[in-house]
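Working notes, structure below.
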Amino acid sequence: MKRAITPGTFDPITEGHLDVISRAAQLMDEVVVAVAASHKKHPLFSLEERTALVRKACAHIPNVTVQPFDGLLVDFAQEIDAHVVVKGLRAITDFEYEFQMAALNQQLDYELETVFIMSPPQYMYLSSSIVREIASLSGDVAQFVPPCVLEALQEKFATN
Ligand code: COA
């Protein structure tokens with residue numbers, strides 16, 4: 001039984017994240033999407049909101065579950081008995097940062113393997129902060145996010 005973990009802040013989840021999650025779900029028996037508290041990033045959406053949006057966006061993928069976590073990724077991976085971390089690589093600029101995280105996680109837990117999935121060209125330059133910025137300026141982000149996120153962004157910026 002290969003259980004993988006796909007961690008992130010998901011503030012909010014985008015089509016780029018969904019692409020990585022669905023491809024990980026094809027490769028693994030089970031995928032746990034781990035939504036990090038990421039306090040330092042001061043997320044726009046609360047941990048509860050981000051987790052609920054990821055759950056809705058992934059509801060159609062049968063072997064995917066979603067769980068929030070606060071703490072070290074290696075500890076959470078051990079807690080849920082996952083031995084593989086799957087992350088998306090968009091452009092070459094992601095590499096150094098991802099390489100550092102993968103190396104440190106391996107140092108903290110030698111049994112935890114990190115696997116990278118390349119983003120397809122249409123998602124190479126997509127990020128949650130770009131989506132937040134466009135939405136905050138009333139731009140159309142429908143092509144970048146699932147419908148539940150589009151609705152949540154519209155609500156968030158209508159009340160702010
Ligand atoms: N498609 C679209 N966007 C993507 C993407 C993809 N496939 N992969 C990453 N991104 C974007 C995100 O949207 C986000 O964009 P933004 O910063 O513009 O908003 C950015 O890349 C960073 O994503 P984030 O989800 O915050 O991930 P991260 O790579 O910074 O790592 C954790 C987040 C949760 C994995 C990491 O902080 C962690 O492990 N935290 C737990 C504490 C810990 O163990 N720390 C030690 C780590 S060695």
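Chain labels follow the order of the structure tokens: the first chain is A, the next B, and so on; residue numbering restarts at 1 in every chain, and ligands are counted from 1 in their shown order.
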Practice problem: Would you list the residues that come within 9 Å of ligand 1? Count only C-alpha atoms and all ligand atoms and give the answer as a PyMOL selection string. | Solution: chain A and resi 6-21+34-38+41+43+69-76+87-90+94+97-98+100-106+108+117-119+123-132
Could you take the residues named above and write them with C-alpha atoms, as a PDB file, in the first residue's frame?
```
ATOM      1  CA  THR A   6       1.038  16.152  -1.130  1.00  0.00           C
ATOM      2  CA  PRO A   7       1.660  19.098   1.191  1.00  0.00           C
ATOM      3  CA  GLY A   8       1.065  22.778   0.628  1.00  0.00           C
ATOM      4  CA  THR A   9      -0.497  25.937   1.956  1.00  0.00           C
ATOM      5  CA  PHE A  10      -3.208  25.909  -0.738  1.00  0.00           C
ATOM      6  CA  ASP A  11      -4.144  29.580  -0.261  1.00  0.00           C
ATOM      7  CA  PRO A  12      -6.172  28.807  -2.330  1.00  0.00           C
ATOM      8  CA  ILE A  13      -5.886  25.510  -4.241  1.00  0.00           C
ATOM      9  CA  THR A  14      -5.401  26.111  -7.999  1.00  0.00           C
ATOM     10  CA  GLU A  15      -5.782  23.988 -11.139  1.00  0.00           C
ATOM     11  CA  GLY A  16      -1.984  23.584 -10.999  1.00  0.00           C
ATOM     12  CA  HIS A  17      -2.178  21.940  -7.569  1.00  0.00           C
ATOM     13  CA  LEU A  18      -5.109  19.802  -8.736  1.00  0.00           C
ATOM     14  CA  ASP A  19      -3.087  18.589 -11.700  1.00  0.00           C
ATOM     15  CA  VAL A  20      -0.277  17.418  -9.378  1.00  0.00           C
ATOM     16  CA  ILE A  21      -2.719  15.808  -6.925  1.00  0.00           C
ATOM     17  CA  ALA A  34      -1.850  17.866   3.754  1.00  0.00           C
ATOM     18  CA  VAL A  35      -2.976  21.463   4.219  1.00  0.00           C
ATOM     19  CA  ALA A  36      -0.331  23.307   6.237  1.00  0.00           C
ATOM     20  CA  ALA A  37      -1.254  25.950   8.799  1.00  0.00           C
ATOM     21  CA  SER A  38       1.638  28.079   7.405  1.00  0.00           C
ATOM     22  CA  LYS A  41       2.541  33.257   5.432  1.00  0.00           C
ATOM     23  CA  PRO A  43      -2.872  33.157   4.581  1.00  0.00           C
ATOM     24  CA  PHE A  69      -1.683  19.890   9.854  1.00  0.00           C
ATOM     25  CA  ASP A  70       0.345  22.247  12.001  1.00  0.00           C
ATOM     26  CA  GLY A  71       3.946  21.295  12.697  1.00  0.00           C
ATOM     27  CA  LEU A  72       6.713  19.520  10.869  1.00  0.00           C
ATOM     28  CA  LEU A  73       5.848  17.727   7.648  1.00  0.00           C
ATOM     29  CA  VAL A  74       8.032  14.745   8.602  1.00  0.00           C
ATOM     30  CA  ASP A  75       6.094  14.320  11.874  1.00  0.00           C
ATOM     31  CA  PHE A  76       2.739  14.472  10.096  1.00  0.00           C
ATOM     32  CA  LYS A  87       5.476  17.930  -4.969  1.00  0.00           C
ATOM     33  CA  GLY A  88       4.969  19.804  -8.214  1.00  0.00           C
ATOM     34  CA  LEU A  89       7.874  21.439 -10.030  1.00  0.00           C
ATOM     35  CA  ARG A  90       6.813  24.331 -12.188  1.00  0.00           C
ATOM     36  CA  ASP A  94      11.261  26.133  -8.014  1.00  0.00           C
ATOM     37  CA  TYR A  97      13.885  25.769  -2.878  1.00  0.00           C
ATOM     38  CA  GLU A  98      12.322  22.350  -3.448  1.00  0.00           C
ATOM     39  CA  GLN A 100      16.479  22.346  -0.042  1.00  0.00           C
ATOM     40  CA  MET A 101      13.175  21.192   1.460  1.00  0.00           C
ATOM     41  CA  ALA A 102      13.551  17.666   0.089  1.00  0.00           C
ATOM     42  CA  ALA A 103      17.112  17.435   1.430  1.00  0.00           C
ATOM     43  CA  LEU A 104      16.139  18.735   4.880  1.00  0.00           C
ATOM     44  CA  ASN A 105      13.136  16.441   5.105  1.00  0.00           C
ATOM     45  CA  GLN A 106      15.369  13.524   4.186  1.00  0.00           C
ATOM     46  CA  LEU A 108      15.002  14.663   9.425  1.00  0.00           C
ATOM     47  CA  ILE A 117       5.933  15.849 -10.801  1.00  0.00           C
ATOM     48  CA  MET A 118       6.506  18.351 -13.612  1.00  0.00           C
ATOM     49  CA  SER A 119       3.748  20.862 -14.168  1.00  0.00           C
ATOM     50  CA  TYR A 123       0.351  25.781 -15.209  1.00  0.00           C
ATOM     51  CA  MET A 124       4.067  26.656 -15.232  1.00  0.00           C
ATOM     52  CA  TYR A 125       3.536  30.238 -14.128  1.00  0.00           C
ATOM     53  CA  LEU A 126       0.484  29.735 -11.961  1.00  0.00           C
ATOM     54  CA  SER A 127       0.681  30.394  -8.233  1.00  0.00           C
ATOM     55  CA  SER A 128      -1.777  31.059  -5.439  1.00  0.00           C
ATOM     56  CA  SER A 129      -0.460  34.584  -4.870  1.00  0.00           C
ATOM     57  CA  ILE A 130      -0.977  35.495  -8.535  1.00  0.00           C
ATOM     58  CA  VAL A 131      -4.532  34.140  -8.315  1.00  0.00           C
ATOM     59  CA  ARG A 132      -5.159  36.152  -5.124  1.00  0.00           C
TER      60      ARG A 132
END
```
Quiz item: Looking only at the backbone, which of the residues in chain A does DSSP tag as helix (DSSP H, G or I), as a ChimeraX atom specification?
Solution: /A:15-27,39-41,47-58,73-79,92-108,121-123,128-136,147-159
Self-check item: Residues near Glu155 (chain A), cut-off 12 Å, only C-alpha atoms, skip fewer than 5 positions along chain, as number ranges by chain
Solution: A: 45, 135-136, 138, 148-150, 160
Quiz item: Can you list, as a ChimeraX atom specification, every residue of region 17-118 of chain A that DSSP puts in strand (DSSP E or B)?
Solution: /A:30-36,64-69,84-89,113-118
Quiz item: Taking into account only C-alpha atoms, which residue in the set A:Ala52, A:Leu27, A:Ala142, A:Val115 is nearest to Met1 (chain A)?
Solution: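 For Met1 (chain A), the nearest of the given residues is A:Leu27.
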Exercise. Select, from A:Glu111, A:Val84, A:Val141, A:Gln67, the residue with the minimum atom-to-atom distance to Glu49 (chain A), counting only C-alpha atoms.
Key: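 Looking at the shortest contact to Glu49 (chain A), the residue is A:Gln67.
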Practice problem: Measuring atom to atom with only C-alpha atoms, identify which of A:Ile5, A:Ala57, A:Phe116, A:Ala91 is nearest to Val145 (chain A). | Solution: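 Nearest candidate to Val145 (chain A) out of A:Ile5, A:Ala57, A:Phe116, A:Ala91: A:Ala57.
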Quiz item: Which of these, A:Arg23, A:His83, A:Lys2, A:His39, has the shortest distance to Thr114 (chain A) once you count only C-alpha atoms?
Solution: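 Comparing A:Arg23, A:His83, A:Lys2, A:His39 against Thr114 (chain A), the winner is A:His83.
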